[in-house]
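Trainee: Here's a structure for you.
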Amino acid sequence: MAGAGVKDAAAIVGIGQTAFARRLAEDEKTLACRAVLAALDDAGIAPGEVDALASYTMEGTDEVELAKAVGFGDLTFFSKVGYGGGGSCATVGHLAAAIASGQATVGVAWRSRKRGSGPRPWTDTAVQLPTPAQWTRPFGLLRPVDEIAVLARRYMHEYGVTRDHLFNVALACRNRANQNPAAVMYERPLTREMYMTSRWISEPLCLYDNCLETDGALACVVVGRERARDCRQRPVYVHAAAQGLPAQHHGMVNYWNDDPLTGPAWTAARHLWKHADLTPEDIDVAQIYDAFTALIPLSLEGYGFCGRGEGGAFTEQGALETGGRLPLNTGGGGLSEAYVHGFNLVNEGVKQLRGTSTAQVPGAATCLVTAGEGVPTSALLLRS
């Protein structure tokens, strides 16, 4: 997916989103339609021109229903990506590859969720446990947070990462959300005292180490390089895209890997940088998947922004804030804007390179966007 034929061959030309809230009245299909229509309007492209779709296997609105409701033309490419939040960037990568190879001309990727008001996937006892879960849930690892807590504890033990380092992540995301009127946590500041005294969710992860529970939908429109020049908005080029599933991977806990702390990000990163003209030093701003704060330092290491075991220290001295070494999750991310399986990170990357973010990094021309670390993942390098 990240080969030389994809490099800068396609661009994101439209983005759209609904409101974000703990509870929205509309169903997921309606939210999906609204986000897709907003993205097409942003691009200045009619629904009938769409001939490619990409979404998540966990998406509740399927291609047929969306195509009928919105009024797409004949579809010549459609794909779904697995592993929840690990699929966000891959949906865009699949569309870029389809367009670069001539299978399609106008693609739409989207995610619609009612996670705030809807059920949690792991609470459905009528569904048989997948094989990996049979080795974790009977022993108390019931939720994703429990699994990531195991990784976080090992990370803290091996490399001296502290709760202050995790607070740095939570604070950077909250500070950016405080600037973003669309964020769930807009005008709701976070202090160190609030963080340190909050209740445990799964020790060592507290309330503010966990992403939000959100209803909402987002979408983006991808077209070829030539078409992008004629669209309504400034194009944001897909410079590289990659997916990553390491050998002997096991859910979020990585039990069978040689090293559980070198997760899917490391595999995706090797492929991503291999097919890029950029290096980590060239990245102006990053949108790194933040379902849990501990995923940020692990991802900083995996994508090469610092050395092994240095992810915690990297967060110090305001490094993740605007003006820091690597401004992070400038819309607020999953921790403080909305949790929609990471798709808001894709749209925020586009806003940064258009120069329209609510926490704009001056002169931003390159952006790394990542999907969920801890599960088979994906990543994008975007450039203006």
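In the structure tokens, the first chain shown is A, the next is B, and so on; residue numbers restart at 1 for each chain, and ligands run from 1 in the order shown.
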Let's see if you can do this: from backbone DSSP, list all strand (DSSP E or B) residues in range 126-321 of chain A, as a ChimeraX atom specification.
Mentor: /A:200-202,205-206,210,215-224,236-244,285-287,292
Trainee: Grab the residues selected above and save them as a PDB file, in the first residue's frame with C-alpha atoms.
Mentor:
```pdb
ATOM      1  CA  TRP A 200      -8.430   4.412  38.700  1.00  0.00           C
ATOM      2  CA  ILE A 201      -9.924   2.778  35.626  1.00  0.00           C
ATOM      3  CA  SER A 202      -7.302   0.033  35.451  1.00  0.00           C
ATOM      4  CA  LEU A 205      -4.273   4.137  34.161  1.00  0.00           C
ATOM      5  CA  CYS A 206      -6.652   6.659  35.698  1.00  0.00           C
ATOM      6  CA  ASN A 210      -8.631   6.998  28.893  1.00  0.00           C
ATOM      7  CA  ASP A 215     -21.238   9.707  19.438  1.00  0.00           C
ATOM      8  CA  GLY A 216     -20.292  11.223  16.093  1.00  0.00           C
ATOM      9  CA  ALA A 217     -19.117  10.659  12.523  1.00  0.00           C
ATOM     10  CA  LEU A 218     -16.366  11.887  10.205  1.00  0.00           C
ATOM     11  CA  ALA A 219     -15.474  11.437   6.543  1.00  0.00           C
ATOM     12  CA  CYS A 220     -12.911  12.502   3.979  1.00  0.00           C
ATOM     13  CA  VAL A 221     -12.720  12.586   0.177  1.00  0.00           C
ATOM     14  CA  VAL A 222      -9.683  11.353  -1.771  1.00  0.00           C
ATOM     15  CA  VAL A 223      -8.975  12.036  -5.459  1.00  0.00           C
ATOM     16  CA  GLY A 224      -6.022  11.813  -7.820  1.00  0.00           C
ATOM     17  CA  VAL A 236      -3.356  17.603   1.184  1.00  0.00           C
ATOM     18  CA  TYR A 237      -1.277  14.899  -0.462  1.00  0.00           C
ATOM     19  CA  VAL A 238      -0.970  11.320   0.750  1.00  0.00           C
ATOM     20  CA  HIS A 239       2.804  11.102   0.640  1.00  0.00           C
ATOM     21  CA  ALA A 240       2.990   7.593   2.112  1.00  0.00           C
ATOM     22  CA  ALA A 241       0.725   5.057   3.787  1.00  0.00           C
ATOM     23  CA  ALA A 242       1.427   1.808   5.572  1.00  0.00           C
ATOM     24  CA  GLN A 243      -0.124  -0.952   7.632  1.00  0.00           C
ATOM     25  CA  GLY A 244       1.619  -3.026  10.284  1.00  0.00           C
ATOM     26  CA  VAL A 285       2.993  18.178  13.602  1.00  0.00           C
ATOM     27  CA  ALA A 286       1.663  14.752  14.571  1.00  0.00           C
ATOM     28  CA  GLN A 287      -1.746  13.236  15.200  1.00  0.00           C
ATOM     29  CA  PHE A 292      -4.854   5.700  26.155  1.00  0.00           C
TER      30      PHE A 292
END
```
Trainee: Contacts of range 249-265 of chain A at 7 Å or less, counting only C-alpha atoms, minus same-chain residues fewer than 2 places along, as a list of chain:residue names?
Mentor: A:Pro132, A:Glu147, A:Ile148, A:Leu151, A:Gly244, A:Leu245, A:Pro246, A:Ala247, A:Thr267, A:Ala268, A:Ala269, A:Ser299, A:Gly302, A:Tyr303, A:Glu373, A:Gly374, A:Val375, A:Pro376, A:Thr377
Trainee: Find the residues around Arg192 in chain A up to 10 Å (only C-alpha atoms counted), leave out those fewer than 3 positions away in its own chain, and share them as a list of chain:residue names.
Mentor: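 After dropping sequence-adjacent residues, the list is A:Asp164, A:Phe167, A:Asn168, A:Ala170, A:Leu171, A:Tyr195, A:Met196, A:Thr197, A:Ser198.
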Trainee: Tell me, as number ranges by chain, which residues lie within 12 Å of Ala177 in chain A, counting only C-alpha atoms; anything in the same chain fewer than 2 positions away does not count.
Mentor: A: 170-175, 179-190, 321, 328-338, 348, 357-359
Trainee: Any idea what's packed within 9 Å of Ile15 in chain A, counting only C-alpha atoms, ignoring anything in its chain fewer than 6 positions away? Could you give it as a list in words?
Mentor: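 With the cut-off at 9 Å, the set is Ala35, Val36, Ala38, Ala39, Leu40, Asp41, Asp42, Ala43, Leu218, Ala219, Cys220, Val221, Asn347, Val350 and Lys351 of chain A.
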Trainee: Now that the selection is made, can you save its residues with N, CA, C and O atoms as an mmCIF file, in the first residue's frame?
Mentor:
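Okay, out.cif is ready:
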```cif
data_model
loop_
_atom_site.group_PDB
_atom_site.id
_atom_site.type_symbol
_atom_site.label_atom_id
_atom_site.label_comp_id
_atom_site.auth_asym_id
_atom_site.auth_seq_id
_atom_site.Cartn_x
_atom_site.Cartn_y
_atom_site.Cartn_z
ATOM 1 N N ALA A 35 -21.890 13.254 7.627
ATOM 2 C CA ALA A 35 -20.445 13.493 7.545
ATOM 3 C C ALA A 35 -19.948 13.376 6.111
ATOM 4 O O ALA A 35 -19.133 14.194 5.651
ATOM 5 N N VAL A 36 -20.439 12.370 5.382
ATOM 6 C CA VAL A 36 -20.012 12.172 3.992
ATOM 7 C C VAL A 36 -20.467 13.338 3.115
ATOM 8 O O VAL A 36 -19.688 13.864 2.303
ATOM 9 N N ALA A 38 -21.077 16.352 4.042
ATOM 10 C CA ALA A 38 -20.288 17.529 4.418
ATOM 11 C C ALA A 38 -18.906 17.489 3.783
ATOM 12 O O ALA A 38 -18.392 18.517 3.312
ATOM 13 N N ALA A 39 -18.294 16.310 3.738
ATOM 14 C CA ALA A 39 -16.965 16.174 3.134
ATOM 15 C C ALA A 39 -17.018 16.421 1.626
ATOM 16 O O ALA A 39 -16.128 17.077 1.058
ATOM 17 N N LEU A 40 -18.047 15.895 0.966
ATOM 18 C CA LEU A 40 -18.191 16.121 -0.474
ATOM 19 C C LEU A 40 -18.454 17.598 -0.772
ATOM 20 O O LEU A 40 -17.898 18.157 -1.733
ATOM 21 N N ASP A 41 -19.260 18.245 0.035
ATOM 22 C CA ASP A 41 -19.508 19.668 -0.146
ATOM 23 C C ASP A 41 -18.233 20.472 0.070
ATOM 24 O O ASP A 41 -17.955 21.428 -0.664
ATOM 25 N N ASP A 42 -17.436 20.071 1.051
ATOM 26 C CA ASP A 42 -16.160 20.730 1.318
ATOM 27 C C ASP A 42 -15.239 20.638 0.106
ATOM 28 O O ASP A 42 -14.507 21.580 -0.213
ATOM 29 N N ALA A 43 -15.301 19.507 -0.592
ATOM 30 C CA ALA A 43 -14.452 19.298 -1.774
ATOM 31 C C ALA A 43 -15.042 19.907 -3.040
ATOM 32 O O ALA A 43 -14.328 20.083 -4.036
ATOM 33 N N LEU A 218 -17.281 11.095 11.030
ATOM 34 C CA LEU A 218 -16.366 11.887 10.205
ATOM 35 C C LEU A 218 -16.177 11.201 8.868
ATOM 36 O O LEU A 218 -16.391 9.994 8.724
ATOM 37 N N ALA A 219 -15.737 11.984 7.873
ATOM 38 C CA ALA A 219 -15.474 11.437 6.543
ATOM 39 C C ALA A 219 -14.437 12.301 5.845
ATOM 40 O O ALA A 219 -14.217 13.463 6.216
ATOM 41 N N CYS A 220 -13.799 11.722 4.844
ATOM 42 C CA CYS A 220 -12.911 12.502 3.979
ATOM 43 C C CYS A 220 -13.027 12.011 2.546
ATOM 44 O O CYS A 220 -13.472 10.885 2.294
ATOM 45 N N VAL A 221 -12.636 12.866 1.611
ATOM 46 C CA VAL A 221 -12.720 12.586 0.177
ATOM 47 C C VAL A 221 -11.310 12.569 -0.401
ATOM 48 O O VAL A 221 -10.519 13.489 -0.151
ATOM 49 N N ASN A 347 -8.714 13.925 9.956
ATOM 50 C CA ASN A 347 -9.260 15.227 9.558
ATOM 51 C C ASN A 347 -8.470 16.381 10.160
ATOM 52 O O ASN A 347 -8.276 17.414 9.519
ATOM 53 N N VAL A 350 -5.438 17.088 8.127
ATOM 54 C CA VAL A 350 -5.778 17.874 6.941
ATOM 55 C C VAL A 350 -5.937 19.348 7.315
ATOM 56 O O VAL A 350 -5.432 20.238 6.611
ATOM 57 N N LYS A 351 -6.608 19.627 8.416
ATOM 58 C CA LYS A 351 -6.788 21.021 8.844
ATOM 59 C C LYS A 351 -5.443 21.699 9.082
ATOM 60 O O LYS A 351 -5.242 22.865 8.696
#
```
Trainee: Got a sec: who's within 10 Å of Leu66 in chain A, counting only C-alpha atoms, leaving out chain neighbours fewer than 2 positions off, as a ChimeraX atom specification?
Mentor: /A:29-30,32-33,36,53,61-64,68-72
Trainee: Can you write out the residues you just picked, keeping all heavy atoms, as a short mmCIF file (atom, residue, chain, number, x, y, z; two decimals), in the first residue's frame?
Mentor:
```
data_model
loop_
_atom_site.label_atom_id
_atom_site.label_comp_id
_atom_site.auth_asym_id
_atom_site.auth_seq_id
_atom_site.Cartn_x
_atom_site.Cartn_y
_atom_site.Cartn_z
N LYS A 29 -26.29 5.49 10.83
CA LYS A 29 -26.40 5.68 9.38
C LYS A 29 -26.64 7.14 9.04
O LYS A 29 -26.01 7.69 8.11
CB LYS A 29 -27.55 4.82 8.83
CG LYS A 29 -27.79 5.03 7.34
CD LYS A 29 -28.96 4.17 6.86
CE LYS A 29 -29.35 4.51 5.42
NZ LYS A 29 -30.50 3.70 4.97
N THR A 30 -27.52 7.80 9.77
CA THR A 30 -27.79 9.22 9.51
C THR A 30 -26.54 10.06 9.75
O THR A 30 -26.21 10.95 8.96
CB THR A 30 -28.94 9.71 10.40
OG1 THR A 30 -30.11 8.93 10.12
CG2 THR A 30 -29.25 11.18 10.13
N ALA A 32 -23.46 9.04 9.54
CA ALA A 32 -22.52 8.75 8.45
C ALA A 32 -22.87 9.56 7.20
O ALA A 32 -21.99 10.17 6.58
CB ALA A 32 -22.53 7.26 8.13
N CYS A 33 -24.13 9.59 6.85
CA CYS A 33 -24.56 10.34 5.66
C CYS A 33 -24.25 11.83 5.81
O CYS A 33 -23.78 12.47 4.86
CB CYS A 33 -26.05 10.13 5.42
SG CYS A 33 -26.51 8.46 4.90
N VAL A 36 -20.44 12.37 5.38
CA VAL A 36 -20.01 12.17 3.99
C VAL A 36 -20.47 13.34 3.11
O VAL A 36 -19.69 13.86 2.30
CB VAL A 36 -20.54 10.83 3.45
CG1 VAL A 36 -20.35 10.74 1.95
CG2 VAL A 36 -19.83 9.67 4.16
N LEU A 53 -15.17 3.42 -1.96
CA LEU A 53 -15.44 3.58 -0.54
C LEU A 53 -14.47 2.75 0.27
O LEU A 53 -14.04 1.67 -0.16
CB LEU A 53 -16.87 3.14 -0.21
CG LEU A 53 -18.03 3.94 -0.80
CD1 LEU A 53 -19.35 3.28 -0.43
CD2 LEU A 53 -18.00 5.38 -0.30
N THR A 61 -22.63 1.05 9.27
CA THR A 61 -23.30 1.46 8.04
C THR A 61 -22.55 0.85 6.86
O THR A 61 -21.38 1.17 6.64
CB THR A 61 -23.32 2.99 7.91
OG1 THR A 61 -23.94 3.54 9.06
CG2 THR A 61 -24.06 3.42 6.66
N ASP A 62 -23.20 -0.03 6.10
CA ASP A 62 -22.47 -0.69 5.01
C ASP A 62 -22.50 0.13 3.72
O ASP A 62 -23.23 1.12 3.59
CB ASP A 62 -22.97 -2.12 4.79
CG ASP A 62 -24.39 -2.19 4.25
OD1 ASP A 62 -24.84 -1.24 3.59
OD2 ASP A 62 -25.04 -3.22 4.48
N GLU A 63 -21.71 -0.31 2.76
CA GLU A 63 -21.55 0.42 1.50
C GLU A 63 -22.87 0.58 0.76
O GLU A 63 -23.16 1.64 0.21
CB GLU A 63 -20.55 -0.30 0.58
CG GLU A 63 -19.16 -0.48 1.14
CD GLU A 63 -18.97 -1.79 1.86
OE1 GLU A 63 -19.98 -2.42 2.23
OE2 GLU A 63 -17.81 -2.17 2.05
N VAL A 64 -23.67 -0.49 0.71
CA VAL A 64 -24.92 -0.47 -0.06
C VAL A 64 -25.87 0.59 0.50
O VAL A 64 -26.44 1.40 -0.25
CB VAL A 64 -25.58 -1.86 -0.04
CG1 VAL A 64 -26.94 -1.80 -0.72
CG2 VAL A 64 -24.68 -2.88 -0.73
N LYS A 68 -26.87 4.17 -1.48
CA LYS A 68 -28.25 4.49 -1.83
C LYS A 68 -28.70 5.80 -1.18
O LYS A 68 -29.34 6.64 -1.82
CB LYS A 68 -29.17 3.35 -1.39
CG LYS A 68 -29.05 2.09 -2.25
CD LYS A 68 -30.17 1.11 -1.95
CE LYS A 68 -30.10 0.59 -0.53
NZ LYS A 68 -31.12 -0.47 -0.28
N ALA A 69 -28.37 5.95 0.09
CA ALA A 69 -28.86 7.11 0.83
C ALA A 69 -28.25 8.42 0.35
O ALA A 69 -28.93 9.45 0.27
CB ALA A 69 -28.58 6.92 2.32
N VAL A 70 -26.97 8.38 0.00
CA VAL A 70 -26.27 9.60 -0.40
C VAL A 70 -26.37 9.85 -1.90
O VAL A 70 -26.31 10.99 -2.34
CB VAL A 70 -24.79 9.54 0.07
CG1 VAL A 70 -24.02 10.78 -0.38
CG2 VAL A 70 -24.72 9.43 1.59
N GLY A 71 -26.55 8.78 -2.67
CA GLY A 71 -26.69 8.94 -4.12
C GLY A 71 -25.40 8.81 -4.88
O GLY A 71 -25.13 9.58 -5.80
N PHE A 72 -24.57 7.82 -4.54
CA PHE A 72 -23.32 7.59 -5.26
C PHE A 72 -23.61 7.01 -6.64
O PHE A 72 -24.69 6.47 -6.90
CB PHE A 72 -22.43 6.61 -4.49
CG PHE A 72 -21.94 7.13 -3.16
CD1 PHE A 72 -21.63 6.25 -2.14
CD2 PHE A 72 -21.78 8.48 -2.93
CE1 PHE A 72 -21.18 6.71 -0.91
CE2 PHE A 72 -21.33 8.96 -1.71
CZ PHE A 72 -21.03 8.06 -0.70
#
```
Trainee: Would you list the contacts of Lys114 in chain A as a PyMOL selection string, taking every protein, DNA or RNA residue within 9 Å and counting only C-alpha atoms, but skipping same-chain residues closer than 4 positions in sequence?
Mentor: chain A and resi 22-24+27-28+118-119+213-217+340
Trainee: Go ahead and compute the interatomic distance for CA of Val361 in chain A and CA of Gly324 in chain A, in Å to one decimal.
Mentor: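 Between CA of Val361 in chain A and CA of Gly324 in chain A the gap is 10.0 Å.
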Trainee: What residues in range 85-121 of chain A get the DSSP label alpha helix (DSSP H)? Please answer as number ranges by chain.
Mentor: A: 88-100
Trainee: To one decimal place, how far is CA of Asp284 in chain A from CA of Gly107 in chain A in Å?
Mentor: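 Going from CA of Asp284 in chain A over to CA of Gly107 in chain A covers 26.7 Å.
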Trainee: Nearest to Ala11 in chain A: which of A:His275, A:Arg225, A:Arg354, A:His165 is it, counting only C-alpha atoms?
Mentor: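 Ranking A:His275, A:Arg225, A:Arg354, A:His165 by distance to Ala11 in chain A, first place goes to A:Arg225.
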